[in-house]
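Next comes upload07.txt, with compact mmCIF, C-alpha atoms.
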```
# COMPACT_ATOMS: atom_id res chain seq x y z
CA GLN A 1 91.09 100.34 119.56
CA ALA A 2 93.96 100.43 122.07
CA ASN A 3 94.88 103.99 121.04
CA ARG A 4 91.26 105.05 121.46
CA VAL A 5 91.06 103.65 125.00
CA GLU A 6 94.39 105.28 125.86
CA GLN A 7 93.09 108.65 124.67
CA GLN A 8 89.89 108.22 126.70
CA VAL A 9 91.94 107.48 129.83
CA LYS A 10 94.02 110.63 129.26
CA ASP A 11 90.89 112.73 128.72
CA SER A 12 89.30 111.37 131.89
CA TRP A 13 92.49 111.97 133.89
CA PHE A 14 92.80 115.60 132.77
CA GLN A 15 89.10 116.16 133.41
CA LEU A 16 89.54 114.88 136.97
CA GLU A 17 92.55 117.14 137.48
CA TYR A 18 90.43 120.07 136.32
CA LEU A 19 87.54 119.13 138.62
CA TYR A 20 89.81 118.72 141.65
CA SER A 21 91.40 122.10 140.98
CA LYS A 22 87.98 123.69 140.59
CA ARG A 23 86.83 122.15 143.89
CA ASN A 24 89.89 123.56 145.66
CA LEU A 25 89.03 126.99 144.28
CA ILE A 26 85.43 126.67 145.49
CA HIS A 27 86.65 125.69 148.98
CA GLN A 28 88.87 128.78 149.02
CA LYS A 29 85.87 130.94 148.16
CA ASP A 30 83.88 129.22 150.89
CA THR A 31 86.59 130.04 153.44
CA ILE A 32 86.65 133.69 152.35
CA TYR A 33 82.89 134.19 152.69
CA THR A 34 82.76 132.24 155.96
CA ASN A 35 85.43 134.49 157.47
CA PHE A 36 83.67 137.52 156.07
CA ARG A 37 80.43 136.42 157.75
CA LYS A 38 82.24 136.01 161.05
CA ILE A 39 83.55 139.55 160.78
CA THR A 40 80.08 140.94 160.11
CA ASN A 41 78.78 139.06 163.16
CA LEU A 42 81.42 140.73 165.32
CA THR A 43 80.27 144.22 164.39
CA THR A 44 77.97 145.89 166.90
CA ASP A 45 76.45 148.21 164.33
CA ASN A 46 72.99 147.29 163.11
CA ASP A 47 72.96 149.68 160.21
CA ILE A 48 71.70 148.78 156.76
CA ARG A 49 75.23 148.30 155.40
CA SER A 50 76.12 145.64 157.98
CA LEU A 51 72.84 143.83 157.40
CA LEU A 52 73.35 143.83 153.65
CA GLU A 53 76.92 142.57 153.99
CA GLY A 54 75.73 139.75 156.26
CA ALA A 55 72.91 138.81 153.89
CA THR A 56 75.29 138.84 150.93
CA ALA A 57 77.76 136.58 152.75
CA ASP A 58 74.94 134.17 153.66
CA ALA A 59 73.69 134.05 150.05
CA LYS A 60 77.17 133.44 148.70
CA THR A 61 77.77 130.70 151.26
CA LEU A 62 74.58 128.92 150.21
CA GLU A 63 75.55 129.29 146.55
CA ILE A 64 78.97 127.80 147.26
CA ASP A 65 77.38 124.88 149.11
CA VAL A 66 75.40 124.05 145.98
CA GLN A 67 78.58 124.34 143.86
CA ILE A 68 80.41 121.95 146.22
CA ILE A 69 77.63 119.37 145.90
CA ASP A 70 77.67 119.75 142.11
CA ILE A 71 81.47 119.46 141.78
CA ASN A 72 81.58 116.41 144.08
CA THR A 73 78.94 114.73 141.93
CA SER A 74 80.94 115.48 138.79
CA ILE A 75 84.09 114.06 140.38
CA ASP A 76 82.30 110.87 141.43
CA LEU A 77 80.93 110.35 137.92
CA GLU A 78 84.33 110.93 136.31
CA LEU A 79 85.98 108.54 138.78
CA LYS A 80 83.46 105.88 137.77
CA THR A 81 84.28 106.53 134.10
CA LEU A 82 88.00 106.18 134.77
CA SER A 83 87.41 103.02 136.84
CA LEU A 84 85.46 101.51 133.94
CA LEU A 85 88.22 102.34 131.44
CA LEU A 86 90.96 100.88 133.68
CA ASN A 87 88.79 97.99 134.89
CA GLN A 88 89.62 98.69 138.54
CA GLU A 89 87.98 100.57 141.40
CA ILE A 90 89.27 104.12 141.91
CA ASP A 91 87.93 106.14 144.84
CA THR A 92 90.16 109.21 144.68
CA ILE A 93 93.30 110.54 143.03
CA PRO A 94 95.84 112.58 145.03
CA PHE A 95 96.71 115.19 142.44
CA LYS A 96 99.79 117.27 143.04
CA LYS A 97 100.01 121.00 142.48
CA ILE A 98 99.38 121.96 138.87
CA ASN A 99 102.54 122.44 136.87
CA THR A 100 102.22 125.82 135.16
CA ARG A 101 105.35 125.47 133.03
CA LEU A 102 104.36 126.25 129.48
CA ARG A 103 105.26 123.99 126.61
CA PHE A 104 104.66 125.87 123.39
CA PHE A 105 103.37 123.87 120.46
CA THR A 106 104.76 124.29 116.99
CA VAL A 107 102.73 123.54 113.88
CA ASP A 108 104.67 120.82 112.08
CA SER A 109 103.42 119.90 108.62
CA ASN A 110 105.33 116.62 108.79
CA ALA A 111 103.28 115.63 111.84
CA LEU A 112 100.09 116.40 109.93
CA ASP A 113 101.14 113.98 107.19
CA ASN A 114 100.90 111.18 109.76
CA ASN A 115 97.20 111.83 110.28
CA PRO A 116 95.35 108.57 109.35
CA ALA A 117 92.55 110.29 107.43
CA LEU A 118 94.99 112.43 105.45
CA SER A 119 97.22 109.42 104.75
CA PHE A 120 94.19 107.53 103.42
CA ALA A 121 93.29 110.40 101.05
CA GLN A 122 96.87 110.59 99.77
CA HIS A 123 96.94 106.80 99.32
CA GLN A 124 93.80 107.06 97.18
CA THR A 125 95.57 109.47 94.83
CA GLU A 126 98.43 106.98 94.43
CA ILE A 127 95.97 104.22 93.52
CA MET A 128 94.30 106.43 90.92
CA ASN A 129 97.66 107.32 89.37
CA LYS A 130 98.40 103.61 88.99
CA GLU A 131 94.96 103.01 87.44
CA ILE A 132 95.68 105.73 84.86
CA SER A 133 99.04 104.12 84.06
CA LEU A 134 97.30 100.75 83.65
CA GLN A 135 94.68 102.14 81.27
CA LYS A 136 97.37 103.88 79.21
CA ALA A 137 99.35 100.64 79.01
CA GLU A 138 96.32 98.89 77.50
CA LEU A 139 96.38 101.43 74.64
CA LEU A 140 99.96 100.56 73.67
CA PRO A 141 100.66 98.13 70.78
CA GLU A 142 101.29 94.55 71.85
CA ILE A 143 104.35 92.88 70.32
CA ASN A 144 104.58 89.08 70.29
CA LEU A 145 107.77 87.20 69.47
CA GLY A 146 108.19 83.44 69.50
CA TYR A 147 111.04 81.03 68.88
CA TYR A 148 110.65 77.26 68.60
CA ASN A 149 113.36 74.62 68.43
CA MET A 150 112.41 70.94 68.30
CA SER A 151 113.30 67.53 66.96
CA ILE A 152 111.11 64.79 65.47
CA LYS A 153 111.47 61.14 66.20
CA GLY A 154 109.34 58.53 64.42
CA ASP A 155 107.65 58.00 61.10
CA VAL A 156 106.97 61.15 59.11
CA THR A 157 104.75 61.39 56.05
CA ASN A 158 105.79 63.97 53.48
CA ASN A 159 104.75 64.31 49.79
CA GLY A 160 103.05 60.92 49.80
CA GLY A 161 106.11 59.15 51.19
CA THR A 162 106.92 57.93 54.67
CA TYR A 163 110.32 57.97 56.23
CA TYR A 164 111.77 57.65 59.68
CA GLN A 165 113.23 60.50 61.74
CA ASP A 166 115.65 59.50 64.46
CA GLY A 167 115.52 62.86 66.31
CA SER A 168 119.04 63.90 65.45
CA LYS A 169 117.94 66.77 63.26
CA ARG A 170 116.69 70.03 64.86
CA TYR A 171 113.99 72.27 63.38
CA SER A 172 113.81 75.97 64.35
CA THR A 173 111.06 78.48 63.67
CA ILE A 174 110.57 82.14 64.54
CA ASN A 175 107.27 84.03 64.49
CA GLY A 176 106.21 87.50 65.44
CA GLY A 177 103.12 89.61 65.67
CA LEU A 178 101.95 93.17 66.35
CA ALA A 179 98.55 93.83 67.95
CA ILE A 180 97.30 97.42 67.72
CA PRO A 181 94.19 98.44 69.73
CA LEU A 182 91.52 99.75 67.39
CA TRP A 183 88.76 100.56 69.90
CA THR A 184 90.40 103.12 72.24
CA LYS A 185 87.40 105.30 73.01
CA ASN A 186 86.35 103.27 76.03
CA ASN A 187 89.85 103.34 77.56
CA ASN A 188 90.21 107.06 76.92
CA ALA A 189 86.89 107.69 78.67
CA LYS A 190 88.05 105.65 81.67
CA ILE A 191 91.32 107.59 81.83
CA GLU A 192 89.48 110.91 81.72
CA ALA A 193 87.05 109.82 84.45
CA ILE A 194 89.87 108.62 86.70
CA ARG A 195 91.81 111.83 86.08
CA LEU A 196 88.82 113.98 87.08
CA ASN A 197 88.29 111.89 90.21
CA LEU A 198 92.02 112.15 90.95
CA ASN A 199 91.96 115.94 90.76
CA ALA A 200 88.93 116.08 93.05
CA THR A 201 90.63 113.77 95.56
CA LYS A 202 93.77 115.92 95.57
CA VAL A 203 91.69 119.03 96.23
CA ARG A 204 89.89 117.30 99.12
CA ALA A 205 93.20 116.09 100.58
CA GLU A 206 94.72 119.58 100.44
CA TYR A 207 91.58 121.12 101.94
CA PHE A 208 91.59 118.55 104.75
CA LYS A 209 95.28 119.21 105.41
CA THR A 210 94.59 122.96 105.59
CA GLN A 211 91.78 122.29 108.07
CA LEU A 212 94.11 120.20 110.24
CA PHE A 213 96.76 122.92 110.15
CA ASN A 214 94.26 125.63 111.12
CA GLU A 215 92.79 123.47 113.90
CA LEU A 216 96.24 122.80 115.34
CA ASP A 217 97.13 126.48 115.15
CA ARG A 218 93.83 127.47 116.79
CA SER A 219 94.36 124.94 119.59
CA ASN A 220 97.87 126.27 120.11
CA ASN A 221 96.62 129.84 120.47
CA GLN A 222 93.84 128.74 122.80
CA TYR A 223 96.39 126.88 124.94
CA LYS A 224 98.56 129.99 125.23
CA THR A 225 95.56 132.13 126.19
CA LEU A 226 94.45 129.70 128.89
CA TYR A 227 97.97 129.53 130.24
CA GLN A 228 98.23 133.30 130.49
CA ASN A 229 94.90 133.38 132.31
CA LEU A 230 96.18 130.70 134.70
CA ILE A 231 99.33 132.71 135.44
CA TYR A 232 97.27 135.85 135.99
CA TYR A 233 94.92 134.26 138.51
CA LYS A 234 97.79 132.58 140.35
CA GLN A 235 99.47 135.96 140.80
CA GLU A 236 96.31 137.56 142.13
```
Please express the file's structure as structure tokens.
Amino acid sequence: QANRVEQQVKDSWFQLEYLYSKRNLIHQKDTIYTNFRKITNLTTDNDIRSLLEGATADAKTLEIDVQIIDINTSIDLELKTLSLLLNQEIDTIPFKKINTRLRFFTVDSNALDNNPALSFAQHQTEIMNKEISLQKAELLPEINLGYYNMSIKGDVTNNGGTYYQDGSKRYSTINGGLAIPLWTKNNNAKIEAIRLNLNATKVRAEYFKTQLFNELDRSNNQYKTLYQNLIYYKQE
């Protein structure tokens, strides 16, 4: 639960950073079109080109006003979400300039093994292997060995006569037995069923691991593409 809340806080924080950056970009566009409109107002020509340029600047300015209202609403909602997660009131966040230093991800199969869902699937295969070993053990012969050593004290009746034993004499006995399972069909069927289920679980675990690997690789490539786009627009 704590890890889930921590991830939600991170997601909300990054979303706010994105929204603030987007709002700064919209304000820059607003400044450009406002200055452009001022330039068109300074021209003394009343030709069609000047009128069209002025109308275009006015339309873009109105469009940007709507975008500013929309982005401010999104920021307010995300701030409320973050305030709820942190259980404290947050009105604004003074984000610094975005750090464009790239940190390349590497696909590490060892990291994928720590995935909870994958670990659970692999743990299931271990349990099934132990169940197979248990069923096979029940098919093995059972050997019983026993050794007894005791003394008798008191009256003892033997061959119609009674005599007294004082406990000084020891009596030892050894017995043994061998139990061989005769009805093995049921156990063999259980072993076969567990083995089939085990193979299916291994296939699912490997397929899930492949999905995780591909998803991580796809996210890595997407990250690189977005970074290159960010560098491009910053240089423009």
>> Give me, as a PyMOL selection string, all polymer residues having an atom no more than 6 Å from segment 121-129 of chain A, counting all atoms listed in the file and skipping those fewer than 3 positions away in the same chain.
In response: chain A and resi 118+132+198+205
>> What's around segment 177-194 of chain A at 12 Å? Count only C-alpha atoms, leave out sequence neighbours fewer than 6 positions away in its own chain, and write the answer as a PyMOL selection string.
In response: chain A and resi 124-146+200-201
>> Need the shell around Leu16 of chain A: protein/DNA/RNA residues with any atom at most 12 Å away, counting all atoms listed in the file. Skip same-chain ones fewer than 6 positions apart. Format as number ranges by chain?
In response: A: 9-10, 22-23, 71-82, 90-95
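Closest approach to Gly54 of chain A among A:Tyr164, A:Phe208, A:Tyr33, A:Tyr227 is made by A:Tyr33 (distances from only C-alpha atoms).
Closest approach to Leu25 of chain A among A:Asn149, A:Ser172, A:Ser12, A:Gln67 is made by A:Gln67 (distances from only C-alpha atoms).
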>> Counting all atoms listed in the file, which residues have an atom no more than 10 Å from (82.7, 126.1, 144.9) in the file's coordinates? Please list them as a ChimeraX atom specification.
In response: /A:22-30,60-61,63-72
> So how many Å separate atom CA of Ile231 of chain A and atom CA of Leu212 of chain A, to one decimal?
Replying inline: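 Pair atom CA of Ile231 of chain A / atom CA of Leu212 of chain A returns 28.6 Å.
Take atom CA of Tyr232 of chain A and atom CA of Asn214 of chain A: the distance between them is 27.1 Å.
Going from atom CA of Gln8 of chain A to atom CA of Leu85 of chain A covers 7.7 Å.
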